Every structure is written in structure tokens, then in C-alpha cells.
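Participant: Supplied in C-alpha cells, the structure appears directly below.
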Amino acid sequence: METRLTELLGVEHPVMLAGMGGVSYAALVAAVSGAGGFGCLGASTMNVGRMVDEMSAVRAATDRPFGVDLLTAMPGGMVEQVERIIEGGASVFVAGLGVPADVVDLCHAHGLLVVNMCGKVDHARRALDAGCDMVVAQGTEAGGHTGQVATMPLVPQIVDAVGGAIPVVAAGGIVDGRGLAAALALGADGVWMGTRFIATPEARSVTGYKDALLGAREDATTISRAFSGKTMRVLRNGYTQYFEDNPAELQPFPAQLARSMQDGAWHLGGGAGTPGVDPSREGYPTGQGVGAISALEPAAALVHRIVAEAEQVLATLSRLAGR
């Protein structure tokens, strides 16, 4: 399935693994890239040394392209981290929570593409003006930090806003090939998928995360500032309810992040068996597509199934159009 995205990234399938902090480590990234999709490390929860080690592990497992995702809004060290990403052999730098204007030229000088996460049309315009090579239009259905506009209206508006100058990737609530086909119909060049890839054997996850996903219904998520101070879609639990009932206690980012860690409600980045995790309070970033996930599935098989499903949907639509 060839699109502008596969051509730009040098991959076979227009399926990108979201760079999820605490989840998208080397095993998952290598599995997705090795299957012909595009794997992306979630480095927001890693120190620089761990990020370098994970990049090395990806490169040892596959020679296929991969990227690294960081939060632009995190204080300090962005240039240094991007320099290490360049040295580590990644081909893409993905920036969330802000346009990475300070490092775009640095990335381009070393042959890296720059991708920016966008929750509004204005975000995409600013990313384009800053020289980003691609934008991810992330609807509010997505897990993790997210905005207020849904995927269905957001994607075509961002496609129109960038006017074909750069590829647009759709994100938010997409868990299968039907979502990929729908994204292509909206004018996107591929999909950026997170929550579905958490429910894979290769994904790293803090205690209880995968079990919570498999047991969740479609209405089990909420948007809360409880865990970081910024709007984040997570599974609803006792901790989100506390701050829903006591909003005056919420602090701005990153002070609220420190608060949730001190409260023992945020262990993202820790693996299975991390001590002190209480699933009834823990922050589990989760998209609204979670209700469609019923079993763990190997990441490579998931990539291939998504593409096969999308091709089947598109073939059916083509037949309908020919009637």
C-alpha cells in the first residue's frame, strides 16, 4: 500500500507506531519497523542514556527506518537529545506538545525528517511554517496528551490547511484496517496508532496496563489533567475522579506530573512488576478505540492485518463506486 507517507519514510505500509512514553521501547519499535510499518521510540519517559541504549537495540534488531518521539514542552536539553538521536541512527524526530522550531534546521542538516503532533489546524500551520516535514493530525479520541477536536473533522481540515505541501497522518481512535481506510478517505497519507499497539506482547507496560485495556469498554476513558497538568485521555479511575471533584488542587504542567508521581499514581516508564502500582489509581493513557481490543496480538501480525483489512475495505468501496 503505497502513499506519500511510505515514500517519504522509506517503508512498505502507511502504519506508524505512536511514540508512546513508557510503552514504545526497542522490542515494539523493531517489530513494527521489521513488519514494514514505521516504529517510533517513546523517549519522553527515558533519560538520555536509556534513549541511546534503546536506539542501539532497535538498530541491532532491524535495519529498517525508525523514529524517536520527545515532548517539546519538557524543560531543557532538547538540542542535546536531538544530537543523540542523530548519532543513534534514527531517521525521524517526532515532537509532541509544541513545534520544535529550535531543532528543525539541525535535523535537516543531518538528514532527519521532523514530524509534529497537531491537535488544531493552527498547530499544523505553525509546523509547516517552521519547516516540519509531516504532521500528525491527532483527534481527541487518542490516548495520552490530546486536544478537543475529534479525528473525523480534524483530519480533512488539516489536510486542507497544509494544501498538499506535506503529508498528513491521522491519529485518534484508530485500531484496525477500517480506520486506516477511513483516514485515507479523509485525505491522510497514513495512520499513527498507539493504544492498539499497547495490547501486544512486545509492548512495555507498567503493571496492570494491558489487563486494564483488555477489560475496558468504549466509554471507559476520560480526559483529565490529573497526571501531568495537561489534558490527557486515560482510563477513568479513583485518581481522575479525585481531581474531577477537587479541580482547585490541579497544578500546571509539569508540577502536576510531579504531584502524581509523589502520590504514587504515575509509574509510566516502569515495566511489569514495578513496585507501588495500584491499578485503581494508576495513570493508563488510553484512546477511545479501546473497546474494540479483546486480545493481545503480535505487533508484526497486527501491522499485516491492518493493511489487509484496509485493502479489503478499499476494494469493496471501489466496487461500489463502479456500480
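Residue numbers start at 1 in each chain; chains themselves are named A, B, ... in the order of the C-alpha cells; ligands are numbered from 1 in the order shown.
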Considering only strand (DSSP E) as DSSP defines it on the backbone, what residues of range 43-272 of chain A qualify? List them as a PyMOL selection string.
Facilitator: chain A and resi 66-71+92-96+113-118+134-138+144-145+168-171+191-193+221-224+232-235
Participant: Could you pull out the alpha helix (DSSP H) residues of range 2-123 of chain A from DSSP and send them as a PyMOL selection string?
Facilitator: chain A and resi 4-9+26-34+48-61+78-87+104-109+121-123
Participant: Output the selection as a CSV table (one decimal), in the first residue's frame - N, CA and C atoms for each residue.
Facilitator:
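Output saved as out-v9.csv:
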chain,number,residue,atom,x,y,z
A,4,ARG,N,2.2,8.8,-0.1
A,4,ARG,CA,3.3,9.8,0.1
A,4,ARG,C,4.0,9.5,1.4
A,5,LEU,N,3.3,8.9,2.4
A,5,LEU,CA,4.0,8.6,3.7
A,5,LEU,C,5.0,7.5,3.5
A,6,THR,N,4.6,6.4,2.8
A,6,THR,CA,5.5,5.3,2.7
A,6,THR,C,6.7,5.7,1.8
A,7,GLU,N,6.5,6.6,0.8
A,7,GLU,CA,7.6,7.0,0.0
A,7,GLU,C,8.6,7.9,0.8
A,8,LEU,N,8.0,8.8,1.6
A,8,LEU,CA,8.9,9.7,2.4
A,8,LEU,C,9.6,9.0,3.5
A,9,LEU,N,9.0,8.0,4.1
A,9,LEU,CA,9.7,7.3,5.2
A,9,LEU,C,10.5,6.1,4.7
A,26,ALA,N,12.4,-0.6,22.4
A,26,ALA,CA,13.0,-1.2,21.3
A,26,ALA,C,12.3,-2.5,20.7
A,27,ALA,N,11.8,-3.4,21.6
A,27,ALA,CA,11.2,-4.6,21.1
A,27,ALA,C,10.0,-4.3,20.2
A,28,LEU,N,9.2,-3.3,20.6
A,28,LEU,CA,8.0,-3.0,19.9
A,28,LEU,C,8.3,-2.2,18.6
A,29,VAL,N,9.2,-1.3,18.7
A,29,VAL,CA,9.7,-0.5,17.6
A,29,VAL,C,10.2,-1.4,16.5
A,30,ALA,N,11.1,-2.3,16.9
A,30,ALA,CA,11.8,-3.1,15.9
A,30,ALA,C,10.7,-4.1,15.2
A,31,ALA,N,9.7,-4.5,16.0
A,31,ALA,CA,8.7,-5.4,15.4
A,31,ALA,C,7.9,-4.7,14.4
A,32,VAL,N,7.5,-3.5,14.7
A,32,VAL,CA,6.7,-2.7,13.7
A,32,VAL,C,7.5,-2.3,12.5
A,33,SER,N,8.7,-1.8,12.7
A,33,SER,CA,9.5,-1.5,11.5
A,33,SER,C,9.9,-2.7,10.7
A,34,GLY,N,10.2,-3.8,11.4
A,34,GLY,CA,10.5,-5.0,10.7
A,34,GLY,C,9.4,-5.6,9.9
A,48,VAL,N,18.6,10.3,28.8
A,48,VAL,CA,19.4,10.3,27.6
A,48,VAL,C,20.1,8.9,27.4
A,49,GLY,N,20.7,8.4,28.5
A,49,GLY,CA,21.4,7.2,28.4
A,49,GLY,C,20.5,6.0,28.0
A,50,ARG,N,19.3,6.0,28.5
A,50,ARG,CA,18.3,4.9,28.2
A,50,ARG,C,17.9,5.1,26.7
A,51,MET,N,17.7,6.3,26.3
A,51,MET,CA,17.3,6.5,24.9
A,51,MET,C,18.3,6.0,24.0
A,52,VAL,N,19.6,6.3,24.3
A,52,VAL,CA,20.7,5.9,23.4
A,52,VAL,C,20.7,4.3,23.4
A,53,ASP,N,20.6,3.7,24.5
A,53,ASP,CA,20.6,2.2,24.6
A,53,ASP,C,19.4,1.6,23.8
A,54,GLU,N,18.3,2.2,23.9
A,54,GLU,CA,17.1,1.7,23.1
A,54,GLU,C,17.3,1.9,21.6
A,55,MET,N,17.9,3.0,21.2
A,55,MET,CA,18.1,3.2,19.8
A,55,MET,C,19.1,2.1,19.3
A,56,SER,N,20.1,1.8,20.1
A,56,SER,CA,21.1,0.8,19.7
A,56,SER,C,20.4,-0.5,19.6
A,57,ALA,N,19.5,-0.8,20.5
A,57,ALA,CA,18.8,-2.1,20.4
A,57,ALA,C,17.9,-2.2,19.2
A,58,VAL,N,17.3,-1.1,18.8
A,58,VAL,CA,16.5,-1.1,17.6
A,58,VAL,C,17.4,-1.4,16.4
A,59,ARG,N,18.5,-0.7,16.3
A,59,ARG,CA,19.4,-0.8,15.2
A,59,ARG,C,20.0,-2.2,15.1
A,60,ALA,N,20.2,-2.9,16.3
A,60,ALA,CA,20.7,-4.2,16.3
A,60,ALA,C,19.7,-5.2,15.8
A,61,ALA,N,18.4,-4.9,16.0
A,61,ALA,CA,17.3,-5.8,15.6
A,61,ALA,C,16.8,-5.7,14.2
A,78,MET,N,16.8,19.8,24.8
A,78,MET,CA,16.3,19.4,23.6
A,78,MET,C,17.3,19.2,22.5
A,79,VAL,N,18.2,20.2,22.4
A,79,VAL,CA,19.3,20.2,21.4
A,79,VAL,C,20.2,19.0,21.6
A,80,GLU,N,20.6,18.8,22.9
A,80,GLU,CA,21.4,17.6,23.2
A,80,GLU,C,20.8,16.3,22.9
A,81,GLN,N,19.5,16.2,23.2
A,81,GLN,CA,18.8,15.0,22.9
A,81,GLN,C,18.7,14.7,21.4
A,82,VAL,N,18.4,15.7,20.7
A,82,VAL,CA,18.3,15.6,19.2
A,82,VAL,C,19.6,15.2,18.6
A,83,GLU,N,20.7,15.7,19.2
A,83,GLU,CA,22.0,15.3,18.7
A,83,GLU,C,22.3,13.9,18.9
A,84,ARG,N,21.8,13.4,20.1
A,84,ARG,CA,22.0,11.9,20.3
A,84,ARG,C,21.1,11.1,19.4
A,85,ILE,N,19.9,11.6,19.1
A,85,ILE,CA,19.0,10.9,18.2
A,85,ILE,C,19.7,10.8,16.8
A,86,ILE,N,20.3,11.8,16.4
A,86,ILE,CA,21.1,11.8,15.1
A,86,ILE,C,22.2,10.8,15.1
A,87,GLU,N,22.9,10.8,16.2
A,87,GLU,CA,24.0,9.8,16.4
A,87,GLU,C,23.5,8.4,16.4
A,104,VAL,N,14.7,22.1,14.1
A,104,VAL,CA,14.4,21.7,12.7
A,104,VAL,C,15.6,21.8,11.8
A,105,ASP,N,16.3,22.9,11.8
A,105,ASP,CA,17.4,23.0,10.9
A,105,ASP,C,18.5,22.0,11.3
A,106,LEU,N,18.7,21.7,12.6
A,106,LEU,CA,19.7,20.7,13.0
A,106,LEU,C,19.3,19.4,12.4
A,107,CYS,N,18.1,19.0,12.5
A,107,CYS,CA,17.6,17.7,12.0
A,107,CYS,C,17.8,17.6,10.5
A,108,HIS,N,17.4,18.7,9.8
A,108,HIS,CA,17.5,18.6,8.3
A,108,HIS,C,19.0,18.6,7.9
A,109,ALA,N,19.9,19.3,8.6
A,109,ALA,CA,21.3,19.3,8.3
A,109,ALA,C,21.9,17.9,8.3
A,121,VAL,N,-5.9,23.0,13.7
A,121,VAL,CA,-5.4,23.5,12.4
A,121,VAL,C,-4.2,24.5,12.5
A,122,ASP,N,-4.4,25.4,13.5
A,122,ASP,CA,-3.3,26.4,13.7
A,122,ASP,C,-2.0,25.7,14.0
A,123,HIS,N,-2.0,24.6,14.8
A,123,HIS,CA,-0.8,23.9,15.1
A,123,HIS,C,-0.1,23.4,13.8
Participant: Using only C-alpha atoms, which residue out of A:Ala188, A:Ala321, A:Val303, A:Ala127 lies closest to Asp176 in chain A?
Facilitator: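 Residue with the minimum atom-to-atom distance to Asp176 in chain A: A:Val303.
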Participant: Hey, which of A:Ala130, A:Gly215, A:Pro167, A:Asn116 ends up closest to Pro14 in chain A? Count only C-alpha atoms.
Facilitator: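 Among A:Ala130, A:Gly215, A:Pro167, A:Asn116, it is A:Pro167 that comes nearest to Pro14 in chain A.
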Participant: Given the choices A:Ser44, A:Ser24, A:Thr207, A:Ser294, which gets closest to Val175 in chain A if the distance is worked out from only C-alpha atoms?
Facilitator: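 That would be A:Ser294, the residue with the smallest distance to Val175 in chain A.
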Participant: Using 9 Å as the limit and counting only C-alpha atoms, can you tabulate each residue of range 246-265 of chain A that touches range 272-287 of chain A, with its shortest atom-to-atom distance in Å and the two atoms involved, as JSON lines?
Facilitator:
{"residue": "A:Ser260", "atom": "CA", "partner": "A:Gly283", "partner_atom": "CA", "distance": 8.7}
{"residue": "A:Gly264", "atom": "CA", "partner": "A:Gly276", "partner_atom": "CA", "distance": 6.7}
{"residue": "A:Ala265", "atom": "CA", "partner": "A:Glu282", "partner_atom": "CA", "distance": 4.5}
Participant: Ranking A:Leu213, A:Leu184, A:Leu97, A:Leu257 by minimum distance to Arg225 in chain A and counting only C-alpha atoms, which one comes first?
Facilitator: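 Of A:Leu213, A:Leu184, A:Leu97, A:Leu257, the one nearest Arg225 in chain A is A:Leu257, counting only C-alpha atoms.
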Participant: Could you check which of A:Ala248, A:Ala165, A:Leu112, A:Met193 is closest to Ala137 in chain A, using only C-alpha atoms?
Facilitator: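 Using only C-alpha atoms, the shortest distance to Ala137 in chain A belongs to A:Met193.
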Participant: What does the distance between CA of Ala299 in chain A and CA of Ala203 in chain A come to in Å, to one decimal place?
Facilitator: 8.4 Å
Participant: What is the distance between CA of Gly143 in chain A and CA of Leu128 in chain A, in Å to one decimal?
Facilitator: 24.3 Å
Participant: CA of Pro153 in chain A and CA of Thr222 in chain A are how many Å apart?
Facilitator: 20.1 Å
Participant: Excluding same-chain residues fewer than 6 positions from Gly229 in chain A, what lies within 7 Å of it counting only C-alpha atoms, as an MDAnalysis selection string?
Facilitator: chainID A and resid 250:254 256:257
